[in-house]
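Reading through the structure tokens given below for one structure.
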Amino acid sequence: MVNLALRADFANVAGLVFIMSSKSSGDIPDIVIGRLPLYLRSLRRLQNDMQIVTSSHELGERLEISSAQIRKDLSHFGGFGKQGTGYQVGFLIDRLEAVLHVNKEWLVAVVGAGNLGSAISHYRGFQDRGFRIAHLFDISPTKIGVRLGDFVVRPIECMEATIRSEGIKIAMLAVPAENAQTVADQLVAADIKAILNYAPININVPKQVQIQYIDPVAHLQRMTYYLDD
């Protein structure tokens, strides 16, 4: 279950980065931004299969999104293909990476070194996708100083200074629900601009801070609505 949640992180974080950087324009629906990382993921799979050209119809079949919707979404950002010839896969990847601002490397701070934080620290799915886990923080004396994967868990007391000094703008919050708001406040004070929150609780942040939620239980409950008793 953790791995499934982590596989969704790239799409969520990519969306966070774009919204954070372009929210002032206010002319592109958030739902459109949310689909762009899905297009990018599918295009990378096509590229891995050595495919050079694709079409909105092919992408639509892969993603169960209408080809008309895909063309409309992409039209917000300029012309990416020619009618009758489709899209050059490599070119469209480059353009979408630029749109989402993942053609650079974003440092990410992870707060919480429990089971989930440990899984994140070992996960390699962020590599070569525009993100690099920079630090892992925790408040527990039994975790501070412990090596998890490539990281030594650092005390939360040094979190704000570290984030500021290294210019980190994105954080993943993997702490218990009762601690989430307090830690989020500390992250905002450290000038974090985007938070991916795993805690099963909504947290309050200023308007200029983007936040996304990953709650596996909520997704399970959404699915069980469609299941027979």
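Each chain in the structure tokens gets a letter, A, B and so on, in the order shown; residues start at 1 in every chain, and ligands are counted from 1 in the order they appear.
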message: From a backbone DSSP assignment, name each residue in segment 10-210 of chain A labelled alpha helix (DSSP H), as a VMD selection string.
response: chain A and resid 10 to 22 30 to 48 56 to 63 67 to 75 89 to 100 115 to 122 159 to 166 177 to 189
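Assigned to strand (DSSP E) in segment 34-119 of chain A, given DSSP computed from backbone atoms, are Val53, Thr54, Gly81, Lys82, Gly86, Tyr87, Gln88, Trp106, Leu107, Val108, Ala109, Val110 and Val111 of chain A.
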Would you kindly return, as a PDB file with N, CA and C atoms, in the first residue's frame, each protein, DNA or RNA residue with an atom no farther than 9 Å from any atom of Arg44 of chain A, considering only C-alpha atoms and excluding same-chain residues fewer than 6 positions away?
```pdb
ATOM      1  N   VAL A  89       6.997  12.388 -29.286  1.00  0.00           N
ATOM      2  CA  VAL A  89       7.016  12.014 -27.869  1.00  0.00           C
ATOM      3  C   VAL A  89       8.091  12.779 -27.103  1.00  0.00           C
ATOM      4  N   GLY A  90       9.324  12.786 -27.606  1.00  0.00           N
ATOM      5  CA  GLY A  90      10.405  13.458 -26.900  1.00  0.00           C
ATOM      6  C   GLY A  90      10.164  14.942 -26.758  1.00  0.00           C
ATOM      7  N   ILE A  93       7.437  15.579 -24.151  1.00  0.00           N
ATOM      8  CA  ILE A  93       7.991  15.389 -22.807  1.00  0.00           C
ATOM      9  C   ILE A  93       8.752  16.628 -22.365  1.00  0.00           C
TER      10      ILE A  93
END
```
Any chance you could tabulate, as a tab-separated table, the residues of segment 161-218 of chain A at most 12 Å from segment 124-133 of chain A with each one's nearest atom pair and distance in Å to one decimal, using only C-alpha atoms, in chain and rising number order?
```
residue	atom	partner	partner_atom	distance
A:Ile168	CA	A:Ile133	CA	10.1
A:Lys169	CA	A:Phe131	CA	11.1
A:Ile170	CA	A:Phe131	CA	9.4
A:Ala171	CA	A:Ile133	CA	9.1
A:Met172	CA	A:Ile133	CA	9.4
```
message: Calculated over only C-alpha atoms, which of the candidates A:Leu100, A:Val108, A:Leu148, A:Val205 has the smallest distance to Gly167 of chain A?
response: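 Result for the nearest residue to Gly167 of chain A: A:Val108.
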Gap from atom CA of Ala109 of chain A to atom CA of Ser121 of chain A - Å, one decimal: 10.2 Å
query: Between A:Tyr225, A:Asn197, A:Leu136, A:Asp27, which one has atoms that come closest to Pro176 of chain A, using only C-alpha atoms?
result: A:Asn197
message: For Tyr87 of chain A, find every residue with an atom within 9 Å (counting only C-alpha atoms), except residues of its own chain fewer than 6 positions away, and show them as a count of residues only.
response: 7
query: What is the distance between atom CA of Arg95 of chain A and atom CA of Asn48 of chain A, in Å to one decimal?
result: 17.4 Å
task: Would you mind telling me which residue in A:Ser75, A:Ile192, A:Cys158, A:Lys143 lies nearest to Asn115 of chain A when using only C-alpha atoms?
output: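 That would be A:Lys143, the residue with the smallest distance to Asn115 of chain A.
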task: Pick out the residues sitting within 8 Å of Asn204 of chain A, and hand them over as a ChimeraX atom specification; count only C-alpha atoms, and ignore anything fewer than 2 positions along from it in its own chain.
output: /A:181,202,206
Keeping only N, CA and C atoms, take the residues you just selected and write them out as a compact mmCIF listing (two decimals), in the first residue's frame.
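The new file again-v4.txt reads:
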```
# COMPACT_ATOMS: atom_id res chain seq x y z
N GLN A 181 -0.61 19.88 12.01
CA GLN A 181 -0.75 21.34 11.90
C GLN A 181 0.45 22.07 12.47
N ASN A 202 -7.00 17.55 7.42
CA ASN A 202 -6.80 18.77 6.66
C ASN A 202 -6.06 19.78 7.53
N PRO A 206 -1.27 29.27 4.56
CA PRO A 206 -1.58 30.50 3.84
C PRO A 206 -1.88 30.23 2.37
```
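Using only C-alpha atoms for every distance, the candidate list A:Arg222, A:Arg41, A:His101, A:Lys193 yields A:Lys193 as the residue closest to Gln210 of chain A.
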